[in-house]
>>> print(open('final37.cif').read())   # mmCIF, C-alpha atoms and all ligand atoms
data_entry
loop_
_atom_site.label_atom_id
_atom_site.label_comp_id
_atom_site.auth_asym_id
_atom_site.auth_seq_id
_atom_site.Cartn_x
_atom_site.Cartn_y
_atom_site.Cartn_z
CA MET A 490 52.08 -5.95 -5.08
CA ASP A 491 51.70 -9.08 -7.21
CA LEU A 492 48.62 -10.58 -8.78
CA MET A 493 48.17 -13.20 -6.08
CA GLN A 494 48.13 -10.53 -3.37
CA ARG A 495 45.64 -8.44 -5.32
CA THR A 496 43.37 -11.46 -5.76
CA LEU A 497 43.54 -12.26 -2.04
CA ILE A 498 42.68 -8.70 -1.02
CA GLU A 499 39.73 -8.66 -3.44
CA LYS A 500 38.49 -11.97 -2.11
CA ALA A 501 38.77 -10.79 1.49
CA GLU A 502 36.99 -7.55 0.67
CA THR A 503 34.07 -9.23 -1.07
CA VAL A 504 33.46 -12.50 0.78
CA HIS A 505 35.24 -11.82 4.09
CA GLN A 506 36.67 -15.33 4.12
CA LEU A 507 40.23 -16.57 3.67
CA THR A 508 42.00 -19.81 4.48
CA GLU A 509 44.83 -19.93 6.99
CA GLU A 510 47.37 -20.12 4.16
CA GLU A 511 45.83 -17.14 2.36
CA LEU A 512 45.76 -15.07 5.54
CA ALA A 513 49.37 -15.94 6.31
CA ALA A 514 50.34 -14.86 2.79
CA LEU A 515 48.63 -11.49 3.28
CA LEU A 516 50.15 -10.99 6.73
CA SER A 517 53.62 -11.55 5.23
CA ALA A 518 52.98 -9.20 2.30
CA SER A 519 54.68 -6.01 3.44
CA ASP A 520 54.61 -4.69 -0.14
CA ALA A 521 50.80 -5.03 -0.27
CA GLU A 522 50.25 -3.23 3.04
CA THR A 523 48.91 0.03 1.60
CA GLU A 524 46.40 -1.77 -0.63
CA LEU A 525 45.37 -4.05 2.24
CA ALA A 526 44.77 -1.03 4.49
CA ALA A 527 42.80 0.75 1.75
CA ALA A 528 40.51 -2.27 1.35
CA ALA A 529 40.04 -2.48 5.13
CA ASP A 530 39.27 1.25 5.27
CA ARG A 531 36.55 0.82 2.60
CA VAL A 532 35.00 -2.08 4.51
CA ARG A 533 35.20 -0.11 7.76
CA CYS A 534 33.40 2.80 6.13
CA ALA A 535 30.70 0.59 4.57
CA THR A 536 29.99 -1.47 7.70
CA VAL A 537 30.65 0.55 10.86
CA GLY A 538 30.82 3.99 9.24
CA ASP A 539 32.85 7.08 10.01
CA GLU A 540 32.15 7.27 13.72
CA VAL A 541 35.06 6.64 16.05
CA HIS A 542 33.78 5.36 19.38
CA LEU A 543 35.53 6.49 22.54
CA ARG A 544 35.57 4.27 25.63
CA GLY A 545 36.68 5.80 28.90
CA LEU A 546 39.24 3.45 30.44
CA ILE A 547 39.33 3.21 34.25
CA GLU A 548 42.32 1.24 35.54
CA PHE A 549 41.09 0.49 39.03
CA SER A 550 43.60 -2.00 40.45
CA SER A 551 47.20 -2.89 39.62
CA TYR A 552 47.24 -6.03 41.75
CA CYS A 553 47.47 -9.26 39.79
CA ARG A 554 47.68 -12.88 40.90
CA GLN A 555 48.98 -13.99 37.49
CA ASN A 556 52.53 -13.94 36.25
CA CYS A 557 52.45 -13.35 32.47
CA LEU A 558 56.05 -13.05 31.29
CA TYR A 559 55.43 -9.86 29.28
CA CYS A 560 53.39 -7.83 31.72
CA GLY A 561 54.52 -5.26 34.27
CA LEU A 562 51.66 -6.11 36.62
CA ARG A 563 52.82 -9.74 36.99
CA ARG A 564 52.88 -10.82 40.60
CA ASP A 565 56.65 -11.40 40.71
CA ASN A 566 57.42 -7.86 39.60
CA GLN A 567 58.64 -6.30 42.85
CA LYS A 568 59.01 -2.95 41.13
CA ALA A 569 55.33 -2.71 40.22
CA GLN A 570 53.55 -0.05 42.23
CA ARG A 571 50.34 -1.56 43.50
CA TYR A 572 47.17 0.38 44.14
CA ARG A 573 43.49 -0.34 44.40
CA LEU A 574 40.90 2.36 43.92
CA THR A 575 37.97 2.44 46.30
CA ARG A 576 34.40 2.04 45.20
CA PRO A 577 33.66 5.79 45.55
CA GLU A 578 36.83 6.60 43.60
CA ILE A 579 35.82 4.28 40.77
CA VAL A 580 32.29 5.66 40.67
CA ALA A 581 33.65 9.22 40.69
CA LEU A 582 35.82 8.44 37.65
CA ALA A 583 32.80 6.96 35.89
CA GLU A 584 30.83 10.13 36.66
CA LYS A 585 33.63 12.22 35.19
CA ALA A 586 33.75 10.01 32.11
CA LYS A 587 30.05 10.55 31.67
CA ALA A 588 30.38 14.29 32.15
CA ALA A 589 33.17 14.33 29.56
CA GLY A 590 30.78 12.71 27.10
CA TYR A 591 31.96 9.10 27.05
CA PRO A 592 28.93 6.78 26.71
CA THR A 593 30.97 3.71 27.69
CA VAL A 594 33.43 2.99 30.46
CA VAL A 595 35.86 0.08 30.48
CA MET A 596 36.76 -0.92 34.02
CA GLN A 597 40.08 -2.77 33.88
CA SER A 598 42.37 -4.32 36.48
CA GLY A 599 44.89 -7.08 36.99
CA GLU A 600 43.43 -10.33 38.29
CA ASP A 601 42.78 -8.93 41.75
CA ALA A 602 40.96 -11.36 44.04
CA TRP A 603 40.08 -8.56 46.48
CA PHE A 604 37.47 -7.52 43.95
CA THR A 605 35.14 -10.45 44.39
CA ALA A 606 32.25 -10.77 41.97
CA GLU A 607 29.96 -9.33 44.67
CA ARG A 608 32.13 -6.26 45.21
CA LEU A 609 32.45 -5.71 41.48
CA ALA A 610 28.73 -6.25 40.97
CA ASP A 611 27.96 -3.52 43.53
CA ILE A 612 30.18 -1.09 41.68
CA VAL A 613 28.73 -2.07 38.31
CA ARG A 614 25.19 -1.50 39.59
CA GLU A 615 26.14 1.98 40.76
CA VAL A 616 27.86 2.84 37.50
CA LYS A 617 24.91 1.49 35.50
CA ARG A 618 22.67 3.94 37.37
CA LEU A 619 24.60 6.72 35.63
CA GLY A 620 23.27 5.40 32.33
CA LEU A 621 26.68 4.26 31.08
CA THR A 622 27.47 1.17 29.06
CA VAL A 623 29.79 -0.91 31.25
CA THR A 624 32.65 -3.07 30.03
CA LEU A 625 34.69 -5.14 32.45
CA SER A 626 38.22 -6.36 31.84
CA VAL A 627 39.19 -8.23 34.99
CA GLY A 628 40.50 -11.52 33.68
CA GLU A 629 39.51 -15.11 34.29
CA ARG A 630 36.59 -15.85 36.61
CA THR A 631 34.27 -18.77 37.23
CA THR A 632 31.07 -19.21 35.26
CA ASP A 633 29.07 -18.22 38.32
CA GLU A 634 31.07 -15.03 38.81
CA TYR A 635 30.58 -14.07 35.17
CA ARG A 636 26.84 -14.69 35.67
CA VAL A 637 26.70 -12.46 38.77
CA LEU A 638 28.51 -9.68 36.91
CA ARG A 639 26.23 -9.98 33.91
CA GLU A 640 23.14 -9.91 36.13
CA ALA A 641 24.49 -6.76 37.79
CA GLY A 642 24.21 -5.10 34.39
CA THR A 643 27.66 -5.49 32.82
CA ASP A 644 27.21 -5.13 29.08
CA ARG A 645 30.57 -6.13 27.69
CA PHE A 646 33.70 -8.04 28.68
CA LEU A 647 37.23 -7.87 27.33
CA LEU A 648 39.48 -10.91 27.58
CA ARG A 649 42.23 -11.29 25.04
CA ILE A 650 43.17 -14.82 24.09
CA GLU A 651 46.70 -13.31 23.72
CA THR A 652 47.65 -16.12 21.29
CA THR A 653 45.80 -19.19 20.02
CA ASP A 654 49.04 -21.16 20.13
CA ARG A 655 48.47 -23.27 23.23
CA GLU A 656 52.16 -23.97 23.68
CA ILE A 657 53.16 -20.29 23.52
CA TYR A 658 50.23 -19.31 25.71
CA GLU A 659 51.08 -21.73 28.49
CA ARG A 660 54.79 -20.87 28.32
CA LEU A 661 54.24 -17.11 28.54
CA ASP A 662 51.36 -17.21 31.01
CA PRO A 663 52.75 -19.74 33.52
CA GLY A 664 50.14 -21.46 35.64
CA MET A 665 47.32 -20.44 33.32
CA SER A 666 45.59 -22.97 31.12
CA PHE A 667 44.61 -22.31 27.53
CA GLY A 668 41.56 -24.50 28.03
CA ASN A 669 40.31 -22.30 30.86
CA ARG A 670 40.84 -19.21 28.72
CA LEU A 671 38.60 -20.76 26.05
CA ARG A 672 36.05 -21.72 28.69
CA CYS A 673 35.92 -18.10 29.87
CA LEU A 674 35.30 -16.76 26.37
CA THR A 675 32.60 -19.37 25.71
CA ASP A 676 30.89 -18.55 29.02
CA LEU A 677 30.95 -14.83 28.30
CA LYS A 678 29.33 -15.32 24.89
CA LYS A 679 26.67 -17.65 26.33
CA LEU A 680 25.85 -15.18 29.08
CA GLY A 681 25.06 -12.55 26.46
CA TYR A 682 27.99 -10.23 26.95
CA GLU A 683 29.40 -8.40 23.98
CA VAL A 684 32.80 -10.04 23.93
CA GLY A 685 36.09 -8.42 23.08
CA THR A 686 39.18 -10.50 22.61
CA GLY A 687 42.47 -10.10 20.78
CA CYS A 688 46.12 -10.98 20.72
CA LEU A 689 49.62 -9.70 21.13
CA VAL A 690 51.88 -9.37 18.11
CA GLY A 691 55.57 -10.13 18.57
CA LEU A 692 55.52 -12.90 21.14
CA PRO A 693 58.64 -15.08 21.06
CA GLY A 694 57.99 -18.10 18.85
CA GLN A 695 54.91 -16.56 17.18
CA THR A 696 54.64 -16.92 13.39
CA VAL A 697 52.37 -15.36 10.75
CA GLU A 698 50.64 -18.74 10.49
CA SER A 699 49.87 -18.50 14.21
CA LEU A 700 48.54 -14.95 13.76
CA ALA A 701 46.41 -16.18 10.84
CA ARG A 702 44.92 -18.81 13.16
CA ASP A 703 44.26 -16.07 15.75
CA ILE A 704 42.15 -14.20 13.18
CA LEU A 705 40.24 -17.36 12.23
CA PHE A 706 39.62 -17.90 15.93
CA PHE A 707 38.18 -14.38 16.32
CA GLN A 708 35.90 -15.19 13.41
CA LYS A 709 34.90 -18.57 14.83
CA ILE A 710 33.86 -17.22 18.20
CA ASP A 711 32.16 -14.27 16.47
CA ALA A 712 34.11 -11.71 18.49
CA ASP A 713 32.28 -8.42 18.88
CA MET A 714 35.50 -6.54 19.46
CA VAL A 715 39.09 -7.40 18.61
CA GLY A 716 41.90 -5.50 20.29
CA ILE A 717 45.42 -6.27 19.29
CA GLY A 718 48.71 -4.71 20.25
CA PRO A 719 52.40 -5.04 19.68
CA LEU A 720 54.51 -6.49 22.45
CA VAL A 721 56.12 -3.54 24.22
CA PRO A 722 59.08 -5.05 26.07
CA ASN A 723 59.01 -4.23 29.76
CA GLY A 724 62.47 -4.21 31.39
CA ASP A 725 61.01 -5.36 34.70
CA THR A 726 59.72 -8.59 33.15
CA PRO A 727 61.35 -11.76 31.75
CA LEU A 728 60.57 -10.58 28.20
CA GLY A 729 62.35 -7.27 28.78
CA ASN A 730 65.04 -7.97 26.20
CA GLU A 731 62.74 -9.14 23.40
CA PRO A 732 62.41 -6.94 20.32
CA PRO A 733 59.20 -4.89 20.22
CA GLY A 734 56.33 -6.09 18.05
CA ASP A 735 56.57 -5.14 14.38
CA MET A 736 54.21 -2.20 13.85
CA ARG A 737 53.86 -2.90 10.15
CA LEU A 738 52.70 -6.40 10.94
CA VAL A 739 50.34 -4.95 13.55
CA ARG A 740 48.86 -2.74 10.84
CA ARG A 741 48.40 -5.67 8.46
CA MET A 742 46.72 -7.55 11.32
CA VAL A 743 44.29 -4.67 11.95
CA SER A 744 43.41 -4.55 8.25
CA ALA A 745 43.04 -8.31 7.91
CA ILE A 746 40.82 -8.43 11.01
CA ARG A 747 38.56 -5.74 9.53
CA LEU A 748 38.30 -7.68 6.25
CA LEU A 749 37.44 -10.96 7.97
CA LEU A 750 35.24 -9.53 10.73
CA PRO A 751 33.62 -6.58 8.94
CA GLU A 752 31.23 -5.72 11.78
CA ALA A 753 33.66 -5.92 14.67
CA ASN A 754 34.75 -3.01 16.78
CA ILE A 755 38.51 -2.65 16.42
CA PRO A 756 40.43 -0.27 18.66
CA ALA A 757 43.54 1.72 17.82
CA THR A 758 45.33 0.82 21.05
CA THR A 759 47.66 2.70 23.36
CA ALA A 760 50.41 0.11 22.92
CA MET A 761 50.47 0.96 19.20
CA GLU A 762 50.81 4.67 19.95
CA THR A 763 53.54 3.92 22.48
CA LEU A 764 55.76 2.25 19.88
CA GLN A 765 54.94 4.66 17.07
CA PRO A 766 53.54 8.15 17.68
CA GLY A 767 50.70 8.75 15.24
CA ALA A 768 49.90 5.04 15.05
CA ARG A 769 46.36 5.55 16.32
CA GLU A 770 45.48 7.69 13.29
CA LEU A 771 47.24 5.29 10.95
CA MET A 772 45.26 2.37 12.41
CA LEU A 773 41.98 4.32 12.20
CA ARG A 774 42.72 4.61 8.48
CA SER A 775 43.60 0.92 8.21
CA GLY A 776 40.43 -0.65 9.59
CA ALA A 777 40.12 0.48 13.22
CA ASN A 778 37.11 2.42 14.57
CA VAL A 779 37.52 2.69 18.36
CA MET A 780 39.83 4.44 20.82
CA MET A 781 40.07 3.88 24.55
CA PRO A 782 41.28 7.07 26.21
CA ASN A 783 42.43 6.60 29.76
CA VAL A 784 40.26 8.42 32.30
CA THR A 785 42.23 7.25 35.33
CA GLU A 786 43.55 10.24 37.24
CA GLY A 787 46.47 11.06 39.48
CA GLU A 788 49.07 8.56 40.65
CA ALA A 789 47.14 5.51 39.55
CA ARG A 790 47.56 6.64 35.96
CA GLN A 791 51.30 5.99 35.95
CA LYS A 792 51.24 3.09 38.36
CA TYR A 793 49.17 0.95 36.00
CA ALA A 794 52.26 0.05 34.00
CA LEU A 795 51.76 -3.00 31.79
CA TYR A 796 54.65 -1.73 29.66
CA PRO A 797 56.95 1.31 29.73
CA GLY A 798 56.47 4.58 27.88
CA LYS A 799 52.71 4.28 27.83
CA ALA A 800 51.28 7.08 25.71
CA CYS A 801 49.50 9.85 27.61
CA VAL A 802 50.54 8.89 31.18
CA ALA A 803 51.52 12.50 31.80
CA ASP A 804 48.34 13.95 30.32
CA THR A 805 45.08 14.64 32.08
CA PRO A 806 41.84 12.90 31.10
CA GLU A 807 40.44 16.27 29.95
CA HIS A 808 43.46 16.89 27.77
CA CYS A 809 43.21 13.46 26.10
CA ARG A 810 39.50 13.87 25.50
CA ALA A 811 40.03 17.16 23.67
CA CYS A 812 43.10 15.85 21.88
CA MET A 813 41.29 12.78 20.58
CA GLU A 814 38.27 14.69 19.44
CA GLY A 815 40.53 17.08 17.52
CA ARG A 816 42.46 14.23 15.91
CA ILE A 817 39.27 12.44 14.90
CA ARG A 818 37.80 15.55 13.30
CA ALA A 819 41.06 16.34 11.56
CA MET A 820 40.78 12.95 9.89
CA GLY A 821 37.32 13.80 8.60
CA ARG A 822 35.71 11.33 10.98
CA THR A 823 33.24 11.97 13.81
CA VAL A 824 33.14 11.06 17.47
CA GLY A 825 30.61 8.27 18.03
CA LYS A 826 27.38 9.47 19.63
CA GLY A 827 25.79 6.32 21.00
CA ALA A 828 27.18 3.38 22.93
CA GLY A 829 28.82 2.10 19.77
CA GLY A 830 27.94 -1.55 20.24
CA ARG A 831 28.51 -4.35 17.80
CA ARG A 832 26.58 -3.88 14.58
CA HIS A 833 24.76 -6.75 12.93
CA ILE A 834 24.68 -6.10 9.25
CA ALA A 835 24.26 -9.46 7.52
N1 LIG B 901 53.09 -5.07 25.81
C1 LIG B 901 51.91 -4.93 25.17
N2 LIG B 901 50.74 -5.33 25.68
C2 LIG B 901 50.75 -5.88 26.90
N3 LIG B 901 49.75 -6.39 27.66
C3 LIG B 901 50.27 -6.82 28.83
N4 LIG B 901 51.61 -6.61 28.83
C4 LIG B 901 51.93 -6.03 27.65
C5 LIG B 901 53.15 -5.60 27.05
N5 LIG B 901 54.32 -5.69 27.68
C6 LIG B 901 48.37 -6.50 27.19
C7 LIG B 901 47.83 -7.92 27.26
C8 LIG B 901 46.59 -7.79 28.12
C9 LIG B 901 46.26 -6.32 28.00
C10 LIG B 901 45.44 -5.78 29.11
O1 LIG B 901 47.53 -5.70 27.98
O2 LIG B 901 47.47 -8.34 25.95
O3 LIG B 901 45.52 -8.60 27.68
FE1 LIG B 902 47.89 -9.98 35.12
FE2 LIG B 902 46.71 -9.43 32.78
FE3 LIG B 902 49.23 -8.63 33.28
FE4 LIG B 902 48.71 -11.24 32.89
S1 LIG B 902 48.45 -9.59 31.36
S2 LIG B 902 50.01 -10.37 34.54
S3 LIG B 902 46.68 -11.44 33.88
S4 LIG B 902 47.39 -7.94 34.34
FE1 LIG B 903 46.30 11.70 25.30
FE2 LIG B 903 46.43 13.02 22.83
S1 LIG B 903 45.18 11.37 23.46
S2 LIG B 903 47.40 13.54 24.77
#
>>> encode(input="final37.cif", output="structure tokens", more="lines below")
Ligand code: 5AD
Ligand code: SF4
Ligand code: FES
Amino acid sequence: MDLMQRTLIEKAETVHQLTEEELAALLSASDAETELAAAADRVRCATVGDEVHLRGLIEFSSYCRQNCLYCGLRRDNQKAQRYRLTRPEIVALAEKAKAAGYPTVVMQSGEDAWFTAERLADIVREVKRLGLTVTLSVGERTTDEYRVLREAGTDRFLLRIETTDREIYERLDPGMSFGNRLRCLTDLKKLGYEVGTGCLVGLPGQTVESLARDILFFQKIDADMVGIGPLVPNGDTPLGNEPPGDMRLVRRMVSAIRLLLPEANIPATTAMETLQPGARELMLRSGANVMMPNVTEGEARQKYALYPGKACVADTPEHCRACMEGRIRAMGRTVGKGAGGRRHIA
């Protein structure tokens, strides 16, 4: 590590601000990775503490009207196995998540028009009656739909920007507009959701400068949660022959995000674990503080295939719950007790 890198890490750790050029320099600094992660781990400890928050992930529909070039759920993927859970099935999974001790459920699907805002709102109201914190991750909707879902009691919403490079975004997500993506995120913030966003690492054409701008974007919109993941090439998609995202760069991203958004919730994601077993622990020591164990059961669990080799598809929800708790304790951390919302420290 050279003096410039040390100075940048110190600056990030103390003032939580860097320019695009400075961020890009840190993201390229593979020889400063350990020090960067150590600084992020200190900031994580000082701001969000030692608790690791678990969110029970319910993947309730694999139908999607979009056609993102990297994703196994894209509408042109004839090999995707489509399913849609019923309302009682979704509520039953939420009940199980609650019984297993998860205070928060994340209900995720492809962009499935069958689930109108009204239908989703009915399900949200029922799940809210269980006393759970509810996060939705159902893609782009109109302002009115987001309002209906918020009024039904939805607490949080996840919508990754995927990349802030408009040209890459519109090339990889054909038919989708970057402007509408921004509109969605602005709406969600205005409606009072806790907003999670994030990006993919390893998209064709993406540079460290572009990733630096992604981080500045997360800061600008004051993201409450930032989930990132490496591209995991899916052979049934047009990006099937791309190289996988660089896990070391992913780690530097996690650390840099923690330094620039000290209060944010940052998950150690399944895609990371898929490319590198043990990555979740590594990321929890490099700035991350959240995990999202899958609570989807049975066939749906393997049918929700964004990318191949997804960690834990063959495991049961009970097994993952126990496994994660053990791993968290073994690291000297604790399982989060409350809903684990965004902290406001400043
Ligand atoms: N590799 C990694 N992540 C992917 N996603 C979709 N396809 C892939 C893939 N092949 C991510 C997107 C989306 C989230 C739900 O899953 O970033 O926002
Ligand atoms: Fe659909 Fe989301 Fe996959 Fe794009 S990334 S195809 S919107 S499920
Ligand atoms: Fe699924 Fe460990 S978290 S088996």
>>> residues_around(input="final37.cif", residues="Glu698 (chain A)", least_positions_apart="6", cutoff="12 Å", atoms="only C-alpha atoms", output="VMD selection string")
chain A and resid 508 to 517 652 to 654 704 to 705 742
>>> atom_distance(input="final37.cif", atom1="CA of Pro663 (chain A)", atom2="CA of Ala789 (chain A)")
26.6 Å
>>> residues_near_ligand(input="final37.cif", ligand="ligand LIG 903 (chain B)", cutoff="6 Å", atoms="only C-alpha atoms and all ligand atoms", output="compact mmCIF listing (two decimals) with C-alpha atoms, in the frame of the given file")
# COMPACT_ATOMS: atom_id res chain seq x y z
CA CYS A 801 49.50 9.85 27.61
CA ASP A 804 48.34 13.95 30.32
CA HIS A 808 43.46 16.89 27.77
CA CYS A 809 43.21 13.46 26.10
CA CYS A 812 43.10 15.85 21.88
CA MET A 813 41.29 12.78 20.58
>>> atom_distance(input="final37.cif", atom1="CA of Pro806 (chain A)", atom2="atom FE2 of ligand LIG 902 (chain B)")
22.9 Å
>>> residues_near_ligand(input="final37.cif", ligand="ligand LIG 901 (chain B)", cutoff="9 Å", atoms="all atoms listed in the file", output="PyMOL selection string")
chain A and resi 557-563+597-599+626-628+647-651+686-690+716-723+726+728-729+733-734+759-761+794-797
>>> atom_distance(input="final37.cif", atom1="CA of Val613 (chain A)", atom2="CA of Met665 (chain A)")
26.6 Å
>>> residues_around(input="final37.cif", residues="Val580 (chain A)", least_positions_apart="4", cutoff="8 Å", atoms="all atoms listed in the file", output="PDB file with C-alpha atoms, in the coordinates of the input")
ATOM      1  CA  ARG A 576      34.400   2.040  45.200  1.00  0.00           C
ATOM      2  CA  GLU A 584      30.830  10.130  36.660  1.00  0.00           C
ATOM      3  CA  ILE A 612      30.180  -1.090  41.680  1.00  0.00           C
ATOM      4  CA  GLU A 615      26.140   1.980  40.760  1.00  0.00           C
ATOM      5  CA  VAL A 616      27.860   2.840  37.500  1.00  0.00           C
TER       6      VAL A 616
END
>>> residues_around(input="final37.cif", residues="Ala588 (chain A)", least_positions_apart="6", cutoff="12 Å", atoms="only C-alpha atoms", output="JSON, numbers by chain")
{"A": [545, 581, 582, 594, 619, 620, 621, 784, 806, 807, 810]}
>>> residues_around(input="final37.cif", residues="Cys534 (chain A)", least_positions_apart="5", cutoff="12 Å", atoms="only C-alpha atoms", output="list in words")
Ala527, Ala528, Ala529, Asp539, Glu540, Val541, Arg747, Leu748, Pro751, Glu752, Leu773, Arg774, Ser775, Gly776, Ala777, Asn778, Gly821, Arg822 and Thr823 of chain A
>>> closest_residue(input="final37.cif", among="A:Arg670, A:Lys792, A:Lys678, A:Arg702", to="Leu507 (chain A)", atoms="all atoms listed in the file")
A:Arg702
>>> closest_residue(input="final37.cif", among="A:Thr785, A:Gln494, A:Asn556, A:Thr758", to="ligand LIG 902 (chain B)", atoms="only C-alpha atoms and all ligand atoms")
A:Asn556
>>> axis_aligned_box(input="final37.cif", around="region 810-813 of chain A", padding_each_side="3 Å", output="lines of an AutoDock Vina configuration file")
center_x = 41.3
center_y = 15.0
center_z = 23.0
size_x = 9.6
size_y = 10.4
size_z = 10.9
>>> residues_around(input="final37.cif", residues="region 629-632 of chain A", least_positions_apart="3", cutoff="7 Å", atoms="only C-alpha atoms", output="number ranges by chain")
A: 635-636, 673, 676
>>> residues_near_point(input="final37.cif", point="(31.8, -12.1, -0.4)", cutoff="12 Å", atoms="all atoms listed in the file", output="MDAnalysis selection string")
chainID A and resid 497:507 532 748:751 835
